[in-house]
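The file final.txt comes next; it holds compact mmCIF, C-alpha atoms.
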# COMPACT_ATOMS: atom_id res chain seq x y z
CA MET A 1 -44.68 14.82 -5.79
CA SER A 2 -44.41 11.58 -3.85
CA SER A 3 -42.36 11.23 -0.69
CA TRP A 4 -38.86 9.74 -0.60
CA THR A 5 -40.21 6.61 1.10
CA ALA A 6 -42.65 6.02 -1.77
CA ARG A 7 -39.91 6.64 -4.33
CA ALA A 8 -37.60 4.21 -2.48
CA ARG A 9 -40.36 1.57 -2.44
CA GLU A 10 -41.05 2.03 -6.15
CA PHE A 11 -37.33 1.86 -6.91
CA GLY A 12 -37.03 -1.36 -4.91
CA LEU A 13 -40.08 -2.99 -6.51
CA ARG A 14 -39.01 -1.92 -10.00
CA ASN A 15 -35.46 -3.29 -9.66
CA LEU A 16 -36.07 -6.20 -7.33
CA PRO A 17 -39.64 -7.49 -7.55
CA PRO A 18 -40.39 -10.20 -4.92
CA GLU A 19 -40.20 -13.05 -7.47
CA LYS A 20 -36.66 -11.95 -8.35
CA LEU A 21 -35.57 -11.22 -4.78
CA LEU A 22 -36.73 -14.61 -3.46
CA PRO A 23 -37.11 -16.91 -6.50
CA ASP A 24 -38.58 -20.41 -6.16
CA SER A 25 -36.70 -21.91 -9.09
CA GLN A 26 -33.36 -21.54 -10.82
CA PRO A 27 -32.14 -22.39 -14.35
CA ALA A 28 -31.16 -26.00 -15.10
CA TYR A 29 -27.47 -25.17 -15.52
CA MET A 30 -27.31 -24.26 -11.84
CA THR A 31 -27.26 -27.98 -11.02
CA SER A 32 -23.48 -27.93 -11.61
CA ALA A 33 -21.46 -28.06 -8.37
CA ILE A 34 -19.40 -25.04 -9.47
CA TYR A 35 -22.43 -22.86 -8.69
CA LEU A 36 -22.29 -23.92 -5.01
CA PHE A 37 -19.20 -21.95 -4.10
CA GLY A 38 -20.88 -18.56 -3.80
CA ALA A 39 -23.31 -19.97 -1.24
CA LEU A 40 -20.48 -21.80 0.55
CA THR A 41 -18.58 -18.49 0.79
CA ILE A 42 -21.64 -16.83 2.34
CA GLY A 43 -21.92 -19.74 4.82
CA ALA A 44 -18.29 -19.23 5.84
CA LEU A 45 -18.88 -15.47 6.18
CA VAL A 46 -21.85 -16.05 8.50
CA THR A 47 -19.65 -18.31 10.67
CA ILE A 48 -16.90 -15.67 10.69
CA ILE A 49 -19.28 -12.92 11.81
CA ALA A 50 -20.94 -15.13 14.46
CA SER A 51 -17.65 -16.39 15.97
CA GLY A 52 -16.08 -12.91 15.64
CA THR A 53 -19.01 -11.34 17.50
CA ILE A 54 -18.48 -13.71 20.43
CA LEU A 55 -14.72 -13.03 20.38
CA ALA A 56 -15.41 -9.26 20.33
CA LEU A 57 -17.74 -9.60 23.32
CA LYS A 58 -15.05 -11.35 25.35
CA GLY A 59 -12.08 -9.26 24.21
CA PRO A 60 -8.88 -9.96 22.25
CA THR A 61 -7.02 -11.75 25.07
CA TRP A 62 -9.84 -14.20 25.94
CA TRP A 63 -8.53 -16.94 23.69
CA HIS A 64 -5.19 -16.92 25.56
CA VAL A 65 -6.72 -17.67 28.95
CA ALA A 66 -9.80 -19.87 28.35
CA SER A 67 -10.08 -23.11 26.39
CA ILE A 68 -13.56 -22.14 25.16
CA GLY A 69 -12.03 -18.87 23.94
CA HIS A 70 -9.33 -20.85 22.15
CA SER A 71 -12.06 -22.96 20.57
CA PHE A 72 -13.94 -19.89 19.28
CA ASN A 73 -10.67 -18.43 18.04
CA SER A 74 -10.07 -21.63 16.06
CA ILE A 75 -13.62 -21.54 14.63
CA HIS A 76 -12.97 -17.93 13.59
CA LEU A 77 -9.60 -18.74 11.99
CA TRP A 78 -10.74 -21.83 10.10
CA SER A 79 -13.94 -20.20 8.85
CA VAL A 80 -11.74 -17.43 7.42
CA GLU A 81 -9.56 -20.09 5.75
CA LEU A 82 -12.69 -21.67 4.26
CA PHE A 83 -14.07 -18.26 3.27
CA PHE A 84 -11.01 -17.55 1.11
CA PHE A 85 -10.84 -21.16 -0.11
CA PHE A 86 -14.45 -21.05 -1.36
CA MET A 87 -14.26 -17.43 -2.56
CA VAL A 88 -11.21 -18.08 -4.76
CA ILE A 89 -12.84 -21.16 -6.34
CA HIS A 90 -16.00 -19.04 -6.86
CA LEU A 91 -13.79 -16.38 -8.49
CA TRP A 92 -12.08 -18.93 -10.78
CA GLY A 93 -15.44 -20.38 -11.81
CA LYS A 94 -16.94 -16.98 -12.60
CA PHE A 95 -13.79 -15.79 -14.38
CA TRP A 96 -13.82 -18.76 -16.78
CA MET A 97 -17.57 -18.29 -17.29
CA ALA A 98 -16.96 -14.60 -18.16
CA ALA A 99 -19.59 -13.79 -15.53
CA TRP A 100 -19.64 -10.09 -16.44
CA ARG A 101 -21.66 -10.93 -19.57
CA GLY A 102 -25.28 -9.84 -20.05
CA GLY A 103 -25.12 -6.56 -18.14
CA ARG A 104 -23.50 -8.17 -15.10
CA ALA A 105 -20.48 -5.83 -14.91
CA ARG A 106 -21.55 -4.48 -11.51
CA VAL A 107 -22.01 -8.02 -10.16
CA TRP A 108 -18.45 -8.83 -11.20
CA MET A 109 -17.03 -5.56 -9.85
CA THR A 110 -18.70 -5.82 -6.43
CA GLY A 111 -17.33 -9.38 -6.14
CA ALA A 112 -13.82 -8.30 -7.10
CA VAL A 113 -13.86 -5.34 -4.69
CA THR A 114 -15.17 -7.63 -1.91
CA PHE A 115 -12.12 -9.85 -2.42
CA LEU A 116 -9.80 -6.81 -2.24
CA VAL A 117 -11.45 -5.54 0.96
CA ALA A 118 -11.53 -9.01 2.56
CA VAL A 119 -7.74 -9.34 2.31
CA PRO A 120 -6.89 -6.42 4.69
CA CYS A 121 -9.83 -7.54 6.86
CA ALA A 122 -8.02 -10.86 7.35
CA PHE A 123 -4.56 -9.27 7.67
CA THR A 124 -5.72 -6.97 10.48
CA GLY A 125 -6.90 -10.15 12.23
CA TYR A 126 -3.38 -11.54 12.16
CA ILE A 127 -2.13 -8.43 13.98
CA SER A 128 -4.96 -8.61 16.54
CA GLN A 129 -3.81 -11.93 18.01
CA GLN A 130 -2.04 -10.34 21.00
CA ASN A 131 1.04 -12.56 20.77
CA PHE A 132 4.61 -12.56 19.39
CA ASP A 133 3.30 -13.65 15.99
CA SER A 134 1.12 -10.54 15.70
CA GLN A 135 4.03 -8.32 16.80
CA TRP A 136 6.28 -9.85 14.16
CA ILE A 137 3.64 -9.47 11.44
CA ALA A 138 2.94 -5.86 12.49
CA THR A 139 6.60 -4.85 12.27
CA GLN A 140 6.86 -6.47 8.83
CA GLY A 141 3.58 -4.89 7.72
CA LYS A 142 4.76 -1.46 8.91
CA ASP A 143 7.59 -1.50 6.37
CA GLY A 144 5.17 -2.54 3.65
CA MET A 145 2.73 0.26 4.49
CA ASN A 146 5.53 2.85 4.68
CA SER A 147 6.85 1.74 1.30
CA LEU A 148 3.39 2.52 -0.10
CA GLY A 149 3.42 5.94 1.57
CA VAL A 150 0.33 5.26 3.71
CA GLY A 151 2.06 4.49 7.03
CA ALA A 152 0.83 7.78 8.55
CA PHE A 153 -2.80 6.79 7.93
CA PHE A 154 -2.65 3.04 8.60
CA ASN A 155 -0.27 2.45 11.51
CA VAL A 156 -0.15 -1.32 11.82
CA LEU A 157 1.81 -0.98 15.08
CA ASN A 158 -1.20 0.77 16.62
CA PHE A 159 -3.18 -2.15 18.03
CA GLY A 160 -6.28 -0.05 18.82
CA GLN A 161 -6.51 1.30 15.28
CA MET A 162 -5.98 -2.11 13.66
CA TYR A 163 -8.42 -3.85 16.03
CA SER A 164 -11.08 -1.24 15.14
CA TYR A 165 -10.44 -1.88 11.46
CA HIS A 166 -10.65 -5.63 12.02
CA ILE A 167 -13.82 -5.85 14.08
CA LEU A 168 -15.79 -2.85 12.80
CA LEU A 169 -14.81 -0.90 9.70
CA LEU A 170 -13.63 -3.64 7.35
CA PRO A 171 -16.32 -6.22 8.34
CA ILE A 172 -19.01 -3.59 7.71
CA ALA A 173 -17.48 -2.95 4.28
CA VAL A 174 -17.29 -6.69 3.47
CA VAL A 175 -20.87 -7.41 4.60
CA ALA A 176 -22.20 -4.35 2.74
CA LEU A 177 -20.39 -5.35 -0.46
CA VAL A 178 -21.52 -8.99 -0.18
CA SER A 179 -25.11 -7.83 0.38
CA LEU A 180 -24.94 -5.58 -2.69
CA HIS A 181 -23.34 -8.42 -4.67
CA ILE A 182 -26.17 -10.82 -3.74
CA LEU A 183 -28.87 -8.24 -4.57
CA LEU A 184 -27.25 -7.63 -7.97
CA VAL A 185 -27.09 -11.40 -8.60
CA ARG A 186 -30.82 -11.56 -7.77
CA ARG A 187 -31.55 -8.68 -10.10
CA HIS A 188 -29.58 -9.92 -13.11
CA GLY A 189 -29.92 -13.67 -12.53
CA ILE A 190 -27.19 -16.29 -12.39
CA VAL A 191 -24.85 -16.14 -15.35
CA PRO A 192 -25.47 -18.92 -17.92
CA PRO A 193 -22.63 -21.10 -19.22
CA LEU A 194 -20.71 -19.85 -22.23
CA PRO A 195 -22.38 -20.84 -25.50
CA PHE A 196 -20.78 -23.40 -27.80
CA SER A 197 -18.92 -22.03 -30.79
CA ASP A 198 -20.54 -22.86 -34.15
CA SER A 199 -17.94 -25.52 -34.98
CA VAL A 200 -18.36 -27.30 -31.62
CA ALA A 201 -22.16 -27.15 -31.92
CA ALA A 202 -21.98 -28.62 -35.44
CA THR A 203 -19.73 -31.45 -34.21
CA ALA A 204 -22.10 -32.21 -31.31
CA GLU A 205 -25.12 -32.30 -33.64
CA SER A 206 -23.39 -34.62 -36.13
CA LYS A 207 -22.83 -37.27 -33.43
CA PRO A 208 -25.57 -39.93 -33.19
CA MET B 209 -3.33 -31.42 28.15
CA LEU B 210 -5.73 -33.34 25.94
CA ARG B 211 -4.55 -33.21 22.33
CA SER B 212 -6.89 -33.49 19.40
CA PRO B 213 -6.49 -36.54 17.12
CA MET B 214 -5.53 -34.26 14.23
CA ALA B 215 -2.74 -32.63 16.22
CA SER B 216 -1.30 -36.04 17.03
CA LEU B 217 -1.25 -36.88 13.31
CA ILE B 218 0.35 -33.64 12.12
CA ASN B 219 2.68 -31.67 14.35
CA LEU B 220 1.80 -28.03 13.73
CA ASN B 221 4.19 -26.64 16.34
CA GLY B 222 7.44 -27.25 14.49
CA ARG B 223 9.23 -25.01 12.01
CA ALA B 224 7.50 -24.53 8.67
CA SER B 225 8.84 -26.41 5.63
CA TYR B 226 9.35 -24.50 2.42
CA ILE B 227 9.53 -25.30 -1.27
CA HIS B 228 12.41 -23.30 -2.72
CA TRP B 229 13.27 -23.41 -6.40
CA HIS B 230 15.15 -20.45 -7.88
CA PHE B 231 12.93 -17.41 -7.23
CA PHE B 232 9.95 -19.56 -6.15
CA LEU B 233 9.52 -19.73 -2.37
CA MET B 234 6.36 -21.05 -0.73
CA SER B 235 5.52 -22.91 2.46
CA VAL B 236 4.51 -26.54 1.98
CA SER B 237 1.19 -25.87 3.77
CA ASN B 238 0.30 -23.03 1.38
CA PHE B 239 1.32 -25.19 -1.58
CA ILE B 240 -0.94 -28.03 -0.37
CA VAL B 241 -3.89 -25.64 0.04
CA ILE B 242 -3.45 -24.23 -3.49
CA VAL B 243 -3.20 -27.73 -5.00
CA LEU B 244 -6.31 -28.75 -3.02
CA MET B 245 -8.19 -25.71 -4.37
CA LEU B 246 -7.26 -26.63 -7.94
CA ILE B 247 -8.47 -30.21 -7.36
CA VAL B 248 -11.77 -29.06 -5.81
CA PHE B 249 -12.27 -26.59 -8.68
CA ALA B 250 -11.65 -29.28 -11.32
CA VAL B 251 -13.94 -31.79 -9.56
CA ALA B 252 -16.72 -29.18 -9.13
CA LEU B 253 -16.78 -28.59 -12.89
CA PHE B 254 -17.85 -32.18 -13.48
CA LEU B 255 -19.96 -32.91 -10.39
CA ARG B 256 -23.65 -32.28 -10.04
CA ALA B 257 -24.72 -30.29 -6.97
CA PRO B 258 -25.98 -32.57 -4.15
CA GLY B 259 -29.71 -33.20 -4.55
CA ALA B 260 -29.83 -31.70 -8.03
CA LYS B 261 -31.73 -33.73 -10.59
CA ARG B 262 -30.74 -34.09 -14.21
CA PRO B 263 -32.77 -31.58 -16.25
CA LYS B 264 -35.51 -33.10 -18.40
CA ASP B 265 -34.71 -33.46 -22.09
CA ASN B 266 -36.97 -31.13 -24.05
CA LYS B 267 -36.60 -33.02 -27.35
Please rewrite the model in this file as structure tokens.
Amino acid sequence: MSSWTARAREFGLRNLPPEKLLPDSQPAYMTSAIYLFGALTIGALVTIIASGTILALKGPTWWHVASIGHSFNSIHLWSVELFFFFMVIHLWGKFWMAAWRGGRARVWMTGAVTFLVAVPCAFTGYISQQNFDSQWIATQGKDGMNSLGVGAFFNVLNFGQMYSYHILLLPIAVVALVSLHILLVRRHGIVPPLPFSDSVAATAESKP
Amino acid sequence: MLRSPMASLINLNGRASYIHWHFFLMSVSNFIVIVLMLIVFAVALFLRAPGAKRPKDNK
């Protein structure tokens, strides 16, 4: 019986051979600009993680006292805005392409769950600002969490707990889900456009 | 304090403006972002990705 490392290697090679993991060509339909938004979302996520790492190194009050901190805080905020902007357009594009076709259900589901996890990841950022705005949002969020019956587990008035969620737990979940999503896209390939219906195809062929 | 050119064009420190029609309530800034997303989505459907070449006709 082979070792677990050998089994893991065989599993990886069987499901993601190198030519699938790092392909050197893509189908012709990928020339449409709508296929760019997944990559743009990843670009925004990289910027979020990089700027967030610097903000975490300097602490949550840094941006209040240093102009360079304010600058990094702005980079962090606007990359989050772009992340959601690109991700929602990516979602719209894939929804209207029925991107779960061809055995891609897990690709679709990991993308959808990433969106759901990214929302509280961003919301916990709003209550980590260390200002009156964050206090106001936390008191409003507290009522929302209590109405759901989860206030005892997720205390949005507890800055330490929410900051840990924002800079550690939820980012790990988002990055792990995005990584899995990308690997599944590599495994199954990029979803092709929806085929023409027979009547549309017949009309197109009849035209000179 | 040195202000950025963008900040001098749009004052972001004032009170937010809202669109309110019956049950519909949304800040103008959120409304603009959603409209912008719809425009970008519609344009992306018809644009070719930068640097992408038209696929060769196989006929």
Original post:
Contacts of Leu180 in chain A at 12 Å or less, counting all atoms listed in the file, minus same-chain residues fewer than 3 places along, as a PyMOL selection string?
Top reply: chain A and resi 106-111+113-114+173-177+183-187
Using all atoms listed in the file, I'd like a table of the residues in chain A that come within 8 Å of chain B; for each, show the closest atom pair and its distance in Å rounded to one decimal, ordered by chain and ascending number, as JSON lines.
{"residue": "A:Ala28", "atom": "CA", "partner": "B:Pro263", "partner_atom": "CA", "distance": 5.9}
{"residue": "A:Thr31", "atom": "CA", "partner": "B:Ala257", "partner_atom": "CA", "distance": 5.3}
{"residue": "A:Ser32", "atom": "CA", "partner": "B:Arg256", "partner_atom": "CA", "distance": 4.6}
{"residue": "A:Ala33", "atom": "CA", "partner": "B:Ala257", "partner_atom": "CA", "distance": 4.2}
{"residue": "A:Ile34", "atom": "CA", "partner": "B:Ala252", "partner_atom": "CA", "distance": 4.9}
{"residue": "A:Tyr35", "atom": "CA", "partner": "B:Ala257", "partner_atom": "CA", "distance": 8.0}
{"residue": "A:Leu36", "atom": "CA", "partner": "B:Ala257", "partner_atom": "CA", "distance": 7.1}
{"residue": "A:Phe85", "atom": "CA", "partner": "B:Met245", "partner_atom": "CA", "distance": 6.8}
{"residue": "A:Ile89", "atom": "CA", "partner": "B:Phe249", "partner_atom": "CA", "distance": 5.9}
{"residue": "A:Trp92", "atom": "CA", "partner": "B:Phe249", "partner_atom": "CA", "distance": 7.9}
{"residue": "A:Gly93", "atom": "CA", "partner": "B:Phe249", "partner_atom": "CA", "distance": 7.6}
Quick one: write out the picked residues with C-alpha atoms as an mmCIF file, in the coordinates of the input?
data_model
loop_
_atom_site.group_PDB
_atom_site.id
_atom_site.type_symbol
_atom_site.label_atom_id
_atom_site.label_comp_id
_atom_site.auth_asym_id
_atom_site.auth_seq_id
_atom_site.Cartn_x
_atom_site.Cartn_y
_atom_site.Cartn_z
ATOM 1 C CA ALA A 28 -31.160 -26.000 -15.100
ATOM 2 C CA THR A 31 -27.260 -27.980 -11.020
ATOM 3 C CA SER A 32 -23.480 -27.930 -11.610
ATOM 4 C CA ALA A 33 -21.460 -28.060 -8.370
ATOM 5 C CA ILE A 34 -19.400 -25.040 -9.470
ATOM 6 C CA TYR A 35 -22.430 -22.860 -8.690
ATOM 7 C CA LEU A 36 -22.290 -23.920 -5.010
ATOM 8 C CA PHE A 85 -10.840 -21.160 -0.110
ATOM 9 C CA ILE A 89 -12.840 -21.160 -6.340
ATOM 10 C CA TRP A 92 -12.080 -18.930 -10.780
ATOM 11 C CA GLY A 93 -15.440 -20.380 -11.810
#
Subject >> Coordinates-based distance that separates CA of Tyr165 in chain A from CA of Leu57 in chain A (Å, one decimal) >> reply: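 Between these atoms lies a distance of 15.9 Å.
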Original post:
Can you tell me how far CA of Gly189 in chain A sits from CA of Met87 in chain A, in Å to one decimal?
Top reply: 18.9 Å
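Between CA of Leu217 in chain B and CA of Trp78 in chain A the separation is 18.1 Å.
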**OP:** For Thr124 in chain A, work out the shell of residues within 9 Å, counting only C-alpha atoms and skipping chain neighbours fewer than 3 positions away, then give it as a PyMOL selection string.
**Re:** chain A and resi 119-121+127-128+138+156+162-163+165-167
Let me have the centre and edge lengths in Å, one decimal, of the box along x, y and z around every listed atom of range 140-145 of chain A with 6 Å of margin on each side, as AutoDock Vina command-line options.
--center_x 5.2 --center_y -3.1 --center_z 6.3 --size_x 16.9 --size_y 18.7 --size_z 17.3
**OP:** Mind checking which residues fall within 9 Å of Ser237 in chain B, counting all atoms listed in the file, ignoring those fewer than 5 positions away in the same chain, and posting them as number ranges by chain?
**Re:** B: 224-226, 242
Can you complete the atoms of range 40-75 of chain A to N, CA and C atoms and list them as a compact mmCIF listing (two decimals), keeping the file's coordinate frame?
# COMPACT_ATOMS: atom_id res chain seq x y z
N LEU A 40 -21.42 -21.32 -0.47
CA LEU A 40 -20.48 -21.80 0.55
C LEU A 40 -19.68 -20.64 1.15
N THR A 41 -19.32 -19.68 0.31
CA THR A 41 -18.58 -18.49 0.79
C THR A 41 -19.44 -17.70 1.77
N ILE A 42 -20.72 -17.56 1.44
CA ILE A 42 -21.64 -16.83 2.34
C ILE A 42 -21.77 -17.59 3.67
N GLY A 43 -21.85 -18.92 3.60
CA GLY A 43 -21.92 -19.74 4.82
C GLY A 43 -20.71 -19.51 5.71
N ALA A 44 -19.52 -19.47 5.07
CA ALA A 44 -18.29 -19.23 5.84
C ALA A 44 -18.32 -17.83 6.44
N LEU A 45 -18.83 -16.85 5.68
CA LEU A 45 -18.88 -15.47 6.18
C LEU A 45 -19.81 -15.36 7.40
N VAL A 46 -20.93 -16.06 7.35
CA VAL A 46 -21.85 -16.05 8.50
C VAL A 46 -21.15 -16.62 9.74
N THR A 47 -20.39 -17.70 9.55
CA THR A 47 -19.65 -18.31 10.67
C THR A 47 -18.59 -17.35 11.20
N ILE A 48 -17.93 -16.65 10.28
CA ILE A 48 -16.90 -15.67 10.69
C ILE A 48 -17.53 -14.57 11.55
N ILE A 49 -18.64 -14.03 11.08
CA ILE A 49 -19.28 -12.92 11.81
C ILE A 49 -19.79 -13.40 13.17
N ALA A 50 -20.39 -14.61 13.18
CA ALA A 50 -20.94 -15.13 14.46
C ALA A 50 -19.82 -15.39 15.46
N SER A 51 -18.76 -16.09 15.04
CA SER A 51 -17.65 -16.39 15.97
C SER A 51 -16.91 -15.11 16.34
N GLY A 52 -16.77 -14.18 15.38
CA GLY A 52 -16.08 -12.91 15.64
C GLY A 52 -16.86 -12.05 16.62
N THR A 53 -18.18 -12.11 16.56
CA THR A 53 -19.01 -11.34 17.50
C THR A 53 -18.78 -11.83 18.93
N ILE A 54 -18.73 -13.15 19.09
CA ILE A 54 -18.48 -13.71 20.43
C ILE A 54 -17.07 -13.34 20.91
N LEU A 55 -16.09 -13.41 20.01
CA LEU A 55 -14.72 -13.03 20.38
C LEU A 55 -14.66 -11.54 20.75
N ALA A 56 -15.40 -10.70 20.03
CA ALA A 56 -15.41 -9.26 20.33
C ALA A 56 -16.04 -8.99 21.69
N LEU A 57 -17.09 -9.77 22.02
CA LEU A 57 -17.74 -9.60 23.32
C LEU A 57 -16.80 -9.91 24.47
N LYS A 58 -15.93 -10.90 24.25
CA LYS A 58 -15.05 -11.35 25.35
C LYS A 58 -13.69 -10.66 25.34
N GLY A 59 -13.35 -9.99 24.26
CA GLY A 59 -12.08 -9.26 24.21
C GLY A 59 -10.96 -10.04 23.55
N PRO A 60 -9.92 -9.32 23.07
CA PRO A 60 -8.88 -9.96 22.25
C PRO A 60 -7.93 -10.89 23.00
N THR A 61 -7.93 -10.86 24.33
CA THR A 61 -7.02 -11.75 25.07
C THR A 61 -7.73 -13.00 25.59
N TRP A 62 -9.04 -13.08 25.39
CA TRP A 62 -9.84 -14.20 25.94
C TRP A 62 -9.30 -15.54 25.50
N TRP A 63 -8.92 -15.63 24.23
CA TRP A 63 -8.53 -16.94 23.69
C TRP A 63 -7.20 -17.42 24.26
N HIS A 64 -6.46 -16.51 24.94
CA HIS A 64 -5.19 -16.92 25.56
C HIS A 64 -5.41 -17.56 26.93
N VAL A 65 -6.54 -17.28 27.55
CA VAL A 65 -6.72 -17.67 28.95
C VAL A 65 -7.85 -18.68 29.18
N ALA A 66 -8.67 -18.94 28.17
CA ALA A 66 -9.80 -19.87 28.35
C ALA A 66 -9.85 -20.83 27.18
N SER A 67 -10.05 -22.11 27.47
CA SER A 67 -10.08 -23.11 26.39
C SER A 67 -11.26 -22.88 25.46
N ILE A 68 -12.40 -22.41 26.02
CA ILE A 68 -13.56 -22.14 25.16
C ILE A 68 -13.25 -20.94 24.23
N GLY A 69 -12.47 -20.00 24.77
CA GLY A 69 -12.03 -18.87 23.94
C GLY A 69 -11.12 -19.34 22.82
N HIS A 70 -10.22 -20.28 23.16
CA HIS A 70 -9.33 -20.85 22.15
C HIS A 70 -10.14 -21.56 21.08
N SER A 71 -11.21 -22.24 21.51
CA SER A 71 -12.06 -22.96 20.57
C SER A 71 -12.75 -21.98 19.61
N PHE A 72 -13.29 -20.88 20.15
CA PHE A 72 -13.94 -19.89 19.28
C PHE A 72 -12.92 -19.21 18.36
N ASN A 73 -11.71 -19.01 18.89
CA ASN A 73 -10.67 -18.43 18.04
C ASN A 73 -10.36 -19.36 16.86
N SER A 74 -10.34 -20.67 17.13
CA SER A 74 -10.07 -21.63 16.06
C SER A 74 -11.22 -21.65 15.05
N ILE A 75 -12.46 -21.58 15.55
CA ILE A 75 -13.62 -21.54 14.63
C ILE A 75 -13.50 -20.30 13.73
